[in-house]
$ cat input.cif   # mmCIF, C-alpha atoms
data_entry
loop_
_atom_site.label_atom_id
_atom_site.label_comp_id
_atom_site.auth_asym_id
_atom_site.auth_seq_id
_atom_site.Cartn_x
_atom_site.Cartn_y
_atom_site.Cartn_z
CA MET A 24 4.64 -0.91 -25.65
CA ILE A 25 5.61 -4.56 -25.80
CA ALA A 26 8.57 -4.21 -28.15
CA PRO A 27 10.69 -1.90 -25.94
CA LEU A 28 9.80 -4.08 -22.96
CA PHE A 29 11.06 -7.13 -24.80
CA ALA A 30 14.24 -5.33 -25.83
CA ALA A 31 14.79 -4.22 -22.23
CA ALA A 32 14.25 -7.74 -20.97
CA VAL A 33 16.96 -8.94 -23.34
CA ALA A 34 19.26 -6.12 -22.26
CA GLN A 35 18.65 -6.68 -18.57
CA PRO A 36 17.95 -10.39 -18.34
CA LEU A 37 18.03 -10.47 -14.56
CA VAL A 38 15.29 -7.87 -14.14
CA GLY A 39 13.20 -9.46 -16.89
CA ALA A 40 13.50 -12.88 -15.28
CA ALA A 41 12.62 -11.41 -11.89
CA ILE A 42 9.47 -9.77 -13.26
CA LEU A 43 8.37 -12.93 -15.08
CA ALA A 44 8.99 -15.03 -11.97
CA THR A 45 6.97 -12.54 -9.91
CA ALA A 46 4.04 -12.78 -12.31
CA ALA A 47 4.15 -16.58 -12.41
CA SER A 48 4.44 -16.76 -8.63
CA LEU A 49 1.43 -14.47 -8.15
CA TRP A 50 -0.59 -16.48 -10.65
CA LEU A 51 0.18 -19.70 -8.77
CA LEU A 52 -0.36 -18.27 -5.31
CA LEU A 53 -3.55 -16.25 -5.79
CA PRO A 54 -6.59 -18.08 -4.43
CA ASN A 55 -8.38 -20.02 -7.13
CA GLY A 56 -10.89 -22.17 -5.30
CA ARG A 57 -8.88 -25.36 -5.37
CA GLU A 58 -6.16 -26.48 -3.03
CA ARG A 59 -3.04 -27.34 -4.98
CA PRO A 60 -0.11 -27.84 -2.61
CA ALA A 61 2.32 -28.50 -5.46
CA ALA A 62 1.35 -25.26 -7.22
CA ARG A 63 1.65 -23.30 -3.99
CA GLY A 64 5.09 -24.74 -3.33
CA LEU A 65 6.19 -23.87 -6.85
CA GLY A 66 4.74 -20.40 -6.38
CA TRP A 67 6.72 -19.83 -3.20
CA LEU A 68 9.90 -21.08 -4.90
CA LEU A 69 9.34 -18.75 -7.86
CA GLY A 70 8.66 -15.87 -5.50
CA LEU A 71 11.92 -16.52 -3.65
CA ALA A 72 13.77 -16.70 -6.97
CA ALA A 73 12.19 -13.41 -8.07
CA LEU A 74 13.25 -11.77 -4.81
CA ALA A 75 16.79 -13.03 -5.18
CA ALA A 76 16.92 -11.76 -8.77
CA PHE A 77 15.59 -8.35 -7.75
CA VAL A 78 18.19 -8.14 -4.97
CA ALA A 79 20.96 -9.17 -7.35
CA ALA A 80 19.80 -6.69 -9.99
CA GLY A 81 19.55 -3.83 -7.51
CA ARG A 82 22.21 -1.15 -7.48
CA ARG A 83 24.82 -1.34 -4.76
CA LEU A 84 24.65 1.42 -2.21
CA GLY A 85 27.66 3.05 -0.65
CA GLY A 86 27.91 1.70 2.85
CA LEU A 87 27.44 -1.90 3.89
CA GLY A 88 25.32 -0.98 6.89
CA GLU A 89 22.95 1.23 4.91
CA GLU A 90 22.66 -1.42 2.23
CA ALA A 91 21.88 -4.17 4.75
CA VAL A 92 19.24 -2.08 6.50
CA PHE A 93 17.63 -1.06 3.21
CA LEU A 94 17.63 -4.68 2.06
CA VAL A 95 15.94 -5.94 5.21
CA VAL A 96 13.22 -3.29 5.39
CA SER A 97 12.43 -3.40 1.68
CA LEU A 98 12.25 -7.20 1.74
CA VAL A 99 9.84 -7.01 4.67
CA ALA A 100 7.71 -4.47 2.81
CA VAL A 101 7.61 -6.37 -0.48
CA VAL A 102 7.16 -9.89 0.93
CA SER A 103 4.35 -8.84 3.23
CA ALA A 104 2.72 -6.89 0.42
CA ALA A 105 2.72 -10.04 -1.70
CA ALA A 106 1.37 -12.04 1.23
CA THR A 107 -1.40 -9.44 1.65
CA ILE A 108 -2.81 -10.02 -1.78
CA VAL A 109 -2.40 -13.80 -1.81
CA SER A 110 -3.81 -14.56 1.64
CA ARG A 111 -7.23 -16.05 1.41
CA SER A 112 -8.42 -14.83 4.78
CA PRO A 113 -9.02 -11.05 4.79
CA VAL A 114 -8.03 -10.84 8.45
CA TYR A 115 -4.64 -12.31 7.68
CA ALA A 116 -4.41 -9.96 4.68
CA ALA A 117 -4.95 -6.97 6.97
CA ILE A 118 -2.29 -8.19 9.40
CA TRP A 119 0.18 -8.80 6.58
CA PHE A 120 -0.58 -5.29 5.39
CA ALA A 121 0.35 -3.98 8.83
CA LEU A 122 3.72 -5.71 8.53
CA SER A 123 4.13 -4.24 5.05
CA LEU A 124 3.45 -0.80 6.52
CA ALA A 125 6.19 -1.42 9.06
CA GLY A 126 8.56 -2.24 6.20
CA VAL A 127 7.51 0.86 4.27
CA ALA A 128 8.10 2.97 7.37
CA GLY A 129 11.57 1.44 7.59
CA VAL A 130 12.25 2.34 3.94
CA LEU A 131 11.11 5.90 4.63
CA LEU A 132 13.44 6.08 7.64
CA VAL A 133 16.36 4.85 5.53
CA LEU A 134 15.48 7.56 3.02
CA GLY A 135 15.76 10.12 5.79
CA ALA A 136 12.07 10.86 6.19
CA GLN A 137 11.86 10.54 9.94
CA PHE A 138 8.55 12.29 10.38
CA LEU A 139 6.86 10.39 7.57
CA GLY A 140 8.12 7.04 8.82
CA VAL A 141 6.62 7.61 12.23
CA ALA A 142 3.47 9.18 10.77
CA THR A 143 2.95 6.13 8.56
CA ILE A 144 3.05 3.86 11.59
CA VAL A 145 0.79 6.11 13.65
CA VAL A 146 -1.77 7.03 11.00
CA TYR A 147 -1.88 3.86 8.91
CA ALA A 148 -1.07 1.04 11.29
CA GLY A 149 -2.52 2.78 14.30
CA ALA A 150 -5.72 4.24 12.94
CA ILE A 151 -6.64 3.16 9.43
CA LEU A 152 -5.73 -0.49 9.83
CA VAL A 153 -7.57 -0.78 13.14
CA MET A 154 -10.62 0.63 11.36
CA PHE A 155 -10.23 -2.02 8.66
CA LEU A 156 -9.98 -4.81 11.21
CA PHE A 157 -12.98 -3.43 13.06
CA VAL A 158 -15.10 -3.51 9.91
CA LEU A 159 -13.79 -6.98 9.09
CA MET A 160 -14.72 -8.34 12.48
CA LEU A 161 -18.12 -6.70 12.17
CA ALA A 162 -18.85 -7.92 8.67
CA GLN A 163 -16.84 -11.09 8.19
CA PRO A 164 -18.80 -14.31 8.42
CA ALA A 165 -17.26 -17.16 10.37
CA GLY A 166 -15.26 -19.33 8.02
CA LEU A 167 -13.90 -18.37 4.66
CA ALA A 168 -16.55 -16.98 2.35
CA PRO A 169 -16.66 -18.38 -1.19
CA TYR A 170 -15.64 -15.05 -2.67
CA ASP A 171 -12.44 -15.14 -0.60
CA ARG A 172 -11.44 -18.46 -2.13
CA VAL A 173 -11.57 -17.37 -5.78
CA SER A 174 -9.96 -14.58 -7.77
CA ASN A 175 -10.97 -12.56 -10.78
CA GLU A 176 -8.77 -13.49 -13.74
CA PRO A 177 -5.53 -14.21 -11.85
CA PHE A 178 -3.58 -14.97 -15.02
CA LEU A 179 -4.49 -11.77 -16.87
CA SER A 180 -4.00 -9.67 -13.75
CA ALA A 181 -0.54 -11.13 -13.17
CA ILE A 182 0.31 -10.30 -16.79
CA ALA A 183 -0.97 -6.74 -16.31
CA GLY A 184 1.12 -6.35 -13.18
CA ALA A 185 4.19 -7.71 -14.96
CA VAL A 186 3.76 -5.29 -17.86
CA LEU A 187 3.38 -2.35 -15.49
CA LEU A 188 6.37 -3.42 -13.42
CA GLY A 189 8.41 -3.94 -16.58
CA ALA A 190 7.58 -0.47 -17.88
CA LEU A 191 8.43 1.10 -14.52
CA SER A 192 11.71 -0.85 -14.24
CA LEU A 193 12.58 0.21 -17.75
CA SER A 194 12.26 3.88 -16.94
CA ILE A 195 13.94 3.45 -13.55
CA GLY A 196 16.91 1.71 -15.16
CA ARG A 197 17.28 4.54 -17.68
CA LEU A 198 17.65 7.18 -15.01
CA SER A 199 20.98 8.92 -15.12
CA ALA A 200 22.69 11.48 -12.98
CA ALA A 201 22.62 14.08 -15.72
CA PRO A 202 21.20 17.40 -14.58
CA VAL A 203 17.75 18.31 -15.68
CA THR A 204 18.00 20.80 -18.51
CA CYS A 205 14.45 21.44 -19.50
CA CYS A 206 13.09 23.04 -16.39
CA ALA A 207 14.05 25.41 -13.68
CA PRO A 208 15.72 23.70 -10.73
CA PRO A 209 13.35 22.93 -7.90
CA SER A 210 13.20 25.41 -5.11
CA ARG A 211 15.02 24.37 -1.99
CA ALA A 212 14.47 25.32 1.56
CA THR A 213 17.98 26.39 2.39
CA ALA A 214 17.56 27.66 5.91
CA PRO A 215 15.08 27.23 8.71
CA PRO A 216 12.48 29.89 8.00
CA ALA A 217 12.12 32.48 10.68
CA PRO A 218 8.70 32.79 12.29
CA GLY A 219 6.39 34.75 10.05
CA GLU A 220 8.82 34.72 7.18
CA ASP A 221 7.42 33.64 3.85
CA ALA A 222 9.01 30.40 2.74
CA VAL A 223 9.26 31.64 -0.84
CA ALA A 224 11.60 34.31 0.40
CA SER A 225 13.67 31.74 2.25
CA ALA A 226 14.07 29.72 -0.95
CA ALA A 227 16.37 32.43 -2.27
CA PRO A 228 19.50 32.19 -0.15
CA SER A 229 20.40 35.46 1.47
CA ALA A 230 23.94 36.28 0.54
CA GLY A 231 25.12 37.27 3.96
CA SER A 232 23.81 34.26 5.81
CA SER A 233 26.61 31.91 6.74
CA ALA A 234 24.14 29.14 7.56
CA ALA A 235 22.70 29.26 4.07
CA THR A 236 26.09 28.89 2.41
CA ALA A 237 27.02 26.06 4.77
CA VAL A 238 23.83 24.20 3.92
CA ALA A 239 24.25 24.84 0.21
CA THR A 240 27.65 23.17 0.17
CA THR A 241 26.45 19.96 1.78
CA ALA A 242 25.20 17.12 -0.35
CA ALA A 243 21.58 16.92 -1.37
CA ALA A 244 21.06 13.93 0.89
CA ASP A 245 22.05 15.87 3.97
CA ARG A 246 20.14 18.98 3.00
CA LEU A 247 16.96 17.62 4.52
CA ALA A 248 18.55 15.92 7.53
CA ASP A 249 19.44 18.96 9.57
CA GLN A 250 16.60 19.88 11.96
CA HIS A 251 14.36 17.72 9.84
CA VAL A 252 11.02 17.87 11.61
CA ALA A 253 11.25 21.55 12.53
CA ARG A 254 12.03 22.57 8.97
CA LEU A 255 9.36 20.26 7.55
CA GLY A 256 6.87 21.99 9.83
CA GLY A 257 8.16 25.35 8.67
CA GLU A 258 7.71 24.32 5.06
CA LEU A 259 4.22 22.98 5.71
CA PHE A 260 2.95 25.97 7.64
CA GLY A 261 4.76 28.52 5.53
CA ARG A 262 4.60 27.76 1.86
CA HIS A 263 1.77 25.24 2.03
CA LEU A 264 -0.40 26.93 4.64
CA VAL A 265 -3.48 27.17 2.43
CA ALA A 266 -3.16 23.51 1.46
CA ILE A 267 -2.92 22.55 5.14
CA GLU A 268 -6.12 24.45 5.83
CA ALA A 269 -7.79 22.73 2.89
CA ALA A 270 -6.66 19.35 4.21
CA GLY A 271 -8.15 20.18 7.59
CA VAL A 272 -11.45 21.10 5.93
CA LEU A 273 -11.29 17.84 3.97
CA LEU A 274 -10.88 15.84 7.17
CA LEU A 275 -13.86 17.62 8.71
CA VAL A 276 -16.01 17.05 5.62
CA ALA A 277 -15.07 13.37 5.52
CA LEU A 278 -15.93 13.00 9.21
CA ILE A 279 -19.33 14.65 8.84
CA GLY A 280 -20.01 12.82 5.58
CA ALA A 281 -19.23 9.41 7.08
CA ILE A 282 -21.51 10.06 10.04
CA ALA A 283 -24.27 11.38 7.79
CA ILE A 284 -24.17 8.36 5.48
CA VAL A 285 -24.25 5.93 8.40
CA ALA A 286 -27.10 7.80 10.10
CA ARG A 287 -29.22 7.90 6.96
CA GLY A 288 -28.58 4.23 6.33
CA GLU A 289 -29.70 3.39 9.86
CA THR A 290 -33.02 5.22 9.53
CA GLU A 291 -33.61 3.68 6.10
CA ARG A 292 -32.94 0.27 7.50
CA MET A 293 -35.40 0.83 10.33
CA ASP A 294 -38.06 2.08 7.90
CA GLY A 295 -37.80 -0.69 5.36
CA ASP A 296 -36.80 -3.51 7.66
CA ASP A 297 -39.51 -5.91 6.54
CA ALA A 298 -38.87 -5.62 2.84
CA ARG A 299 -35.12 -5.90 3.22
CA SER A 300 -35.21 -8.91 5.53
CA GLY A 301 -37.41 -10.64 2.98
CA GLY A 302 -34.94 -9.78 0.25
CA ARG A 303 -31.98 -11.05 2.23
CA ALA A 304 -33.66 -14.30 3.08
CA SER A 305 -34.10 -15.07 -0.60
CA ARG A 306 -30.35 -14.82 -1.26
CA MET B 10 22.62 16.36 -9.91
CA ASN B 11 24.08 14.21 -7.16
CA GLY B 12 25.54 11.04 -8.58
CA ALA B 13 26.25 9.42 -5.23
CA ASN B 14 22.53 9.20 -4.50
CA LEU B 15 21.45 7.61 -7.75
CA PRO B 16 21.68 3.95 -6.63
CA LEU B 17 19.60 4.62 -3.55
CA LEU B 18 17.06 6.48 -5.68
CA GLN B 19 16.82 3.61 -8.15
CA ASN B 20 16.49 0.97 -5.44
CA ALA B 21 13.82 2.91 -3.62
CA LEU B 22 11.94 3.57 -6.86
CA THR B 23 12.07 -0.15 -7.59
CA VAL B 24 10.57 -0.94 -4.19
CA GLY B 25 7.85 1.62 -4.86
CA ALA B 26 7.17 0.15 -8.30
CA ILE B 27 6.89 -3.37 -6.87
CA LEU B 28 4.47 -2.21 -4.17
CA PHE B 29 2.38 -0.35 -6.76
CA SER B 30 2.24 -3.36 -9.09
CA LEU B 31 1.34 -5.75 -6.27
CA GLY B 32 -1.45 -3.39 -5.25
CA LEU B 33 -2.67 -3.28 -8.86
CA VAL B 34 -2.74 -7.07 -9.08
CA GLY B 35 -4.55 -7.24 -5.75
CA ILE B 36 -7.23 -4.75 -6.71
CA LEU B 37 -7.79 -6.51 -10.02
CA THR B 38 -8.03 -10.04 -8.68
CA ARG B 39 -9.46 -10.04 -5.19
CA ARG B 40 -13.19 -9.93 -4.68
CA ASN B 41 -13.40 -9.03 -1.02
CA LEU B 42 -14.15 -5.30 -0.81
CA ILE B 43 -11.84 -4.82 2.16
CA VAL B 44 -8.91 -6.60 0.55
CA MET B 45 -9.44 -4.52 -2.60
CA PHE B 46 -9.26 -1.45 -0.44
CA LEU B 47 -6.08 -2.67 1.26
CA SER B 48 -4.56 -3.10 -2.19
CA ALA B 49 -5.44 0.49 -3.07
CA GLU B 50 -3.71 1.62 0.11
CA MET B 51 -0.70 -0.45 -0.89
CA MET B 52 -0.52 1.42 -4.19
CA LEU B 53 -0.51 4.66 -2.19
CA GLN B 54 2.39 3.31 -0.13
CA GLY B 55 4.36 2.64 -3.29
CA ILE B 56 3.74 6.21 -4.42
CA ALA B 57 4.84 7.51 -1.02
CA VAL B 58 8.13 5.61 -1.17
CA SER B 59 8.81 6.95 -4.67
CA LEU B 60 8.00 10.53 -3.71
CA VAL B 61 10.25 10.45 -0.66
CA ALA B 62 13.06 8.91 -2.73
CA TRP B 63 12.80 11.75 -5.26
CA SER B 64 12.65 14.24 -2.42
CA ARG B 65 15.88 12.92 -0.97
CA TYR B 66 17.55 12.85 -4.36
CA HIS B 67 16.76 16.46 -5.13
CA GLY B 68 17.07 17.72 -1.57
CA ASP B 69 13.62 19.22 -1.86
CA TRP B 70 10.70 19.24 0.55
CA GLY B 71 8.05 18.77 -2.12
CA GLY B 72 7.88 14.98 -1.89
CA HIS B 73 7.56 15.02 1.88
CA VAL B 74 4.77 17.58 1.76
CA LEU B 75 2.94 15.64 -0.93
CA VAL B 76 3.17 12.41 1.10
CA ILE B 77 1.71 14.18 4.12
CA PHE B 78 -1.27 15.23 2.00
CA ILE B 79 -1.53 11.68 0.67
CA LEU B 80 -1.75 10.44 4.26
CA THR B 81 -4.51 12.96 4.97
CA VAL B 82 -6.52 12.08 1.90
CA ALA B 83 -6.02 8.36 2.55
CA ALA B 84 -7.44 8.76 6.05
CA CYS B 85 -10.52 10.56 4.70
CA GLU B 86 -10.87 8.05 1.92
CA ALA B 87 -10.66 5.13 4.33
CA ALA B 88 -13.35 6.59 6.56
CA VAL B 89 -15.81 7.30 3.75
CA ALA B 90 -15.10 4.09 1.84
CA LEU B 91 -15.48 1.91 4.93
CA VAL B 92 -18.86 3.54 5.51
CA PHE B 93 -19.83 2.57 1.98
CA VAL B 94 -18.52 -0.96 2.54
CA LEU B 95 -20.59 -1.25 5.70
CA GLN B 96 -23.68 -0.01 3.87
CA ALA B 97 -23.04 -2.48 1.06
CA PHE B 98 -22.67 -5.25 3.63
CA ALA B 99 -25.90 -4.22 5.31
CA ARG B 100 -27.74 -4.44 2.00
CA THR B 101 -26.35 -7.70 0.66
CA GLY B 102 -24.92 -9.50 3.67
CA ARG B 103 -21.68 -10.06 1.77
CA LEU B 104 -18.38 -8.26 1.34
CA ASP B 105 -18.33 -9.45 -2.25
CA SER B 106 -17.73 -7.07 -5.10
CA ALA B 107 -19.58 -9.44 -7.42
CA ALA B 108 -22.71 -8.88 -5.33
CA TRP B 109 -22.93 -5.53 -7.10
CA GLN B 110 -22.38 -6.83 -10.60
CA SER B 111 -25.75 -5.55 -11.74
CA LEU B 112 -23.94 -2.20 -11.95
CA ARG B 113 -21.55 -3.51 -14.61
CA GLU B 114 -21.49 -2.42 -18.23
CA ALA B 115 -23.83 -4.19 -20.60
CA THR B 116 -20.89 -5.62 -22.56
CA ILE B 117 -19.16 -7.18 -19.57
CA ALA B 118 -19.85 -10.85 -19.02
CA ARG B 119 -21.56 -11.86 -15.82
CA THR B 120 -19.37 -13.27 -13.06
CA VAL B 121 -20.43 -16.84 -12.46
CA ASP B 122 -19.07 -18.64 -9.46
CA HIS B 123 -17.77 -22.12 -9.96
CA GLU B 124 -18.85 -24.86 -7.67
CA LEU B 125 -16.83 -24.70 -4.48
CA PRO B 126 -16.85 -27.16 -1.63
CA ALA B 127 -19.17 -25.85 1.04
CA VAL B 128 -16.52 -26.10 3.72
CA ASP B 129 -13.02 -24.87 3.08
CA THR B 130 -10.72 -27.82 2.59
CA VAL B 131 -7.65 -26.24 4.14
CA PRO B 132 -7.57 -27.01 7.84
CA PRO B 133 -7.07 -23.95 10.02
CA ARG B 134 -3.76 -23.64 11.72
CA PHE B 135 -3.74 -21.97 15.10
CA PRO B 136 -0.69 -21.28 17.21
CA THR B 137 -0.19 -23.85 19.91
CA LEU B 138 0.28 -22.44 23.37
CA THR B 139 1.18 -24.12 26.60
CA ARG B 140 -1.96 -24.83 28.55
CA ALA B 141 -2.16 -22.77 31.70
CA GLY B 142 -4.86 -22.69 34.35
CA VAL B 143 -8.16 -24.48 34.32
CA LEU B 144 -10.14 -25.00 31.16
CA PRO B 145 -13.31 -22.94 31.50
CA PRO B 146 -16.57 -24.85 31.26
CA ALA B 147 -17.56 -24.91 27.62
CA ASP B 148 -21.04 -24.09 26.46
CA GLU B 149 -22.05 -26.68 23.93
CA ASP B 150 -24.23 -24.29 21.96
CA GLU B 151 -21.71 -21.48 21.73
CA PRO B 152 -18.17 -22.32 20.64
CA LEU B 153 -15.29 -20.69 22.42
CA GLN B 154 -13.72 -19.42 19.25
CA ARG B 155 -14.34 -19.36 15.55
CA ASP B 156 -12.93 -22.25 13.61
CA HIS B 157 -11.64 -19.81 11.01
CA VAL B 158 -10.77 -16.20 10.62
#
$ encode --input "input.cif" --output "structure tokens"
Amino acid sequence: MIAPLFAAAVAQPLVGAAILATAASLWLLLPNGRERPAARGLGWLLGLAALAAFVAAGRRLGGLGEEAVFLVVSLVAVVSAAATIVSRSPVYAAIWFALSLAGVAGVLLVLGAQFLGVATIVVYAGAILVMFLFVLMLAQPAGLAPYDRVSNEPFLSAIAGAVLLGALSLSIGRLSAAPVTCCAPPSRATAPPAPGEDAVASAAPSAGSSAATAVATTAAADRLADQHVARLGGELFGRHLVAIEAAGVLLLVALIGAIAIVARGETERMDGDDARSGGRASR
Amino acid sequence: MNGANLPLLQNALTVGAILFSLGLVGILTRRNLIVMFLSAEMMLQGIAVSLVAWSRYHGDWGGHVLVIFILTVAACEAAVALVFVLQAFARTGRLDSAAWQSLREATIARTVDHELPAVDTVPPRFPTLTRAGVLPPADEDEPLQRDHV
């Protein structure tokens, strides 16, 4: 595990330096119970250096505009993600996470996933994050709690993150444009499926359809762009209809389960209020 | 398959890998249950970026569909897990994962907190706004705002 990582770090010194700087920056910036302004400043500097190295080591995209947009949104996503895990206050962490979600939605939009970009904003930032903040405001004591000012093993965790990131970068850097030979090519939705038509049937292009041949000649990047949301809906409710139904059942079960757990906890709390208040006072 | 898309794929996969690793570090280090949960969600975001990048590279809908199911499962997971967090808070009065360390393995050492100053030493920084209107009469017993968030 370590030996190929070391060899890759020698082969790609920029990426290796970026990963090491990221780990050192996280180790310095994670809360550790003491206030060390010099260490925090050094951590920020190392983080900036790691970002610059990652940007310099990244592959150049085709167009300048696309590259600039991708750079901005991915920097927003990554920097706010780092700020999420190093902020001491959980409320600030949640708000940084919202900004990171905005960056991730931007990355998804650059990648051509219009529906998913908007859905990330609506579902995550609009619903899930508000739930988080609600629970935080309900449960957070005034002032920073002691457990928010310390971390579990920041050094070892930063090492673990660096090893994982190194392994992932290694395999990402080895990707090549060679066609996959081992497996059958993935099925492609070539045309908007007609209502009631099975999507499996639409995966095989009908020979006479001029639309199918026109779509097949376009690049893979544009294959998903044409009538994106309508065809995504066709794919979801055609080929993946059973999975959609299962997901709906899962949402219902989670809803009922959450309510049931809360209701049972409330009655338990009312029953054993005396014993529990005694127990909490001793802590 | 499509060589022109390879740089975008690699860059997007790198962003996903960084998000996943940051989430891993967060879930390993932080002790606040909610921040741990945010880190888990961040790992899911990294996966979503990677899946959509692969989907674009291959021109296939599979990644998009999988991310939609990830969103669904994450919503369910957030609802159920926040209920558990609230129950844990009701039992211990803390959002601390170390409050439940009696559940740990017998071979794992006990988490012992070091001595911390009772009051956080970092002064809170609030945004300064231009004063407008009349200052409402302050109740001495009840502060207008928390001194920290």
$ residues_around --input "input.cif" --residues "segment 91-106 of chain B" --least-positions-apart "6" --cutoff "8 Å" --atoms "all atoms listed in the file" --output "list in words"
Phe155, Val158, Ala162, Gln163, Tyr170, Ala281, Ile284, Val285, Gly288, Arg299 and Arg303 of chain A; Arg40, Asn41, Leu42 and Ile43 of chain B
$ write_last_selection --input "input.cif" --atoms "C-alpha atoms" --output "mmCIF file, in the frame of the given file"
data_model
loop_
_atom_site.group_PDB
_atom_site.id
_atom_site.type_symbol
_atom_site.label_atom_id
_atom_site.label_comp_id
_atom_site.auth_asym_id
_atom_site.auth_seq_id
_atom_site.Cartn_x
_atom_site.Cartn_y
_atom_site.Cartn_z
ATOM 1 C CA PHE A 155 -10.230 -2.020 8.660
ATOM 2 C CA VAL A 158 -15.100 -3.510 9.910
ATOM 3 C CA ALA A 162 -18.850 -7.920 8.670
ATOM 4 C CA GLN A 163 -16.840 -11.090 8.190
ATOM 5 C CA TYR A 170 -15.640 -15.050 -2.670
ATOM 6 C CA ALA A 281 -19.230 9.410 7.080
ATOM 7 C CA ILE A 284 -24.170 8.360 5.480
ATOM 8 C CA VAL A 285 -24.250 5.930 8.400
ATOM 9 C CA GLY A 288 -28.580 4.230 6.330
ATOM 10 C CA ARG A 299 -35.120 -5.900 3.220
ATOM 11 C CA ARG A 303 -31.980 -11.050 2.230
ATOM 12 C CA ARG B 40 -13.190 -9.930 -4.680
ATOM 13 C CA ASN B 41 -13.400 -9.030 -1.020
ATOM 14 C CA LEU B 42 -14.150 -5.300 -0.810
ATOM 15 C CA ILE B 43 -11.840 -4.820 2.160
#
$ closest_residue --input "input.cif" --among "A:Val173, A:Val186, A:Val146, A:Leu94" --to "Gly129 of chain A" --atoms "only C-alpha atoms"
A:Leu94
$ closest_residue --input "input.cif" --among "B:Leu60, B:Val34, B:Ala90, B:Ala49" --to "chain A" --atoms "all atoms listed in the file"
B:Val34
$ closest_residue --input "input.cif" --among "A:Ala73, A:Leu65, A:Val101, A:Ala283" --to "chain B" --atoms "all atoms listed in the file"
A:Val101
$ atom_distance --input "input.cif" --atom1 "atom CA of Ala44 of chain A" --atom2 "atom CA of Gly85 of chain A"
28.3 Å
$ atom_distance --input "input.cif" --atom1 "atom CA of Ala41 of chain A" --atom2 "atom CA of Phe77 of chain A"
5.9 Å
$ atom_distance --input "input.cif" --atom1 "atom CA of Ala47 of chain A" --atom2 "atom CA of Val24 of chain B"
18.8 Å
$ resolve_selection --input "input.cif" --expression "the PyMOL selection byres ((chain A and resi 139) around 9)" --output "VMD selection string"
(chain A and resid 128 131 to 132 136 to 138 140 to 144) or (chain B and resid 61 73 76 to 77)
$ resolve_selection --input "input.cif" --expression "the PyMOL selection byres ((chain A and resi 182) around 9)" --output "list in words"
Leu43, Ala46, Ala47, Trp50, Pro177, Phe178, Leu179, Ser180, Ala181, Ala183, Gly184, Ala185, Val186 and Leu187 of chain A; Val34 of chain B
$ closest_residue --input "input.cif" --among "B:Gly55, B:Gly32, B:Gly68, B:Gly142" --to "chain A" --atoms "all atoms listed in the file"
B:Gly68
$ resolve_selection --input "input.cif" --expression "the PyMOL selection byres ((chain A and resi 104) around 12)" --output "count of residues only"
47
$ closest_residue --input "input.cif" --among "A:Val114, A:Ala148, A:Ala62, A:Ala190" --to "chain B" --atoms "all atoms listed in the file"
A:Val114
$ closest_residue --input "input.cif" --among "A:Leu69, A:Val153, A:Gly196, A:Gly135" --to "Thr45 of chain A" --atoms "all atoms listed in the file"
A:Leu69
$ residues_around --input "input.cif" --residues "Leu22 of chain B" --least-positions-apart "4" --cutoff "12 Å" --atoms "all atoms listed in the file" --output "ChimeraX atom specification"
/A:81-82,97,130-131,134,188,191-196,198 /B:15-18,26-29,54-66
$ residues_around --input "input.cif" --residues "segment 118-121 of chain B" --least-positions-apart "2" --cutoff "7 Å" --atoms "all atoms listed in the file" --output "MDAnalysis selection string"
chainID B and resid 107 116 123
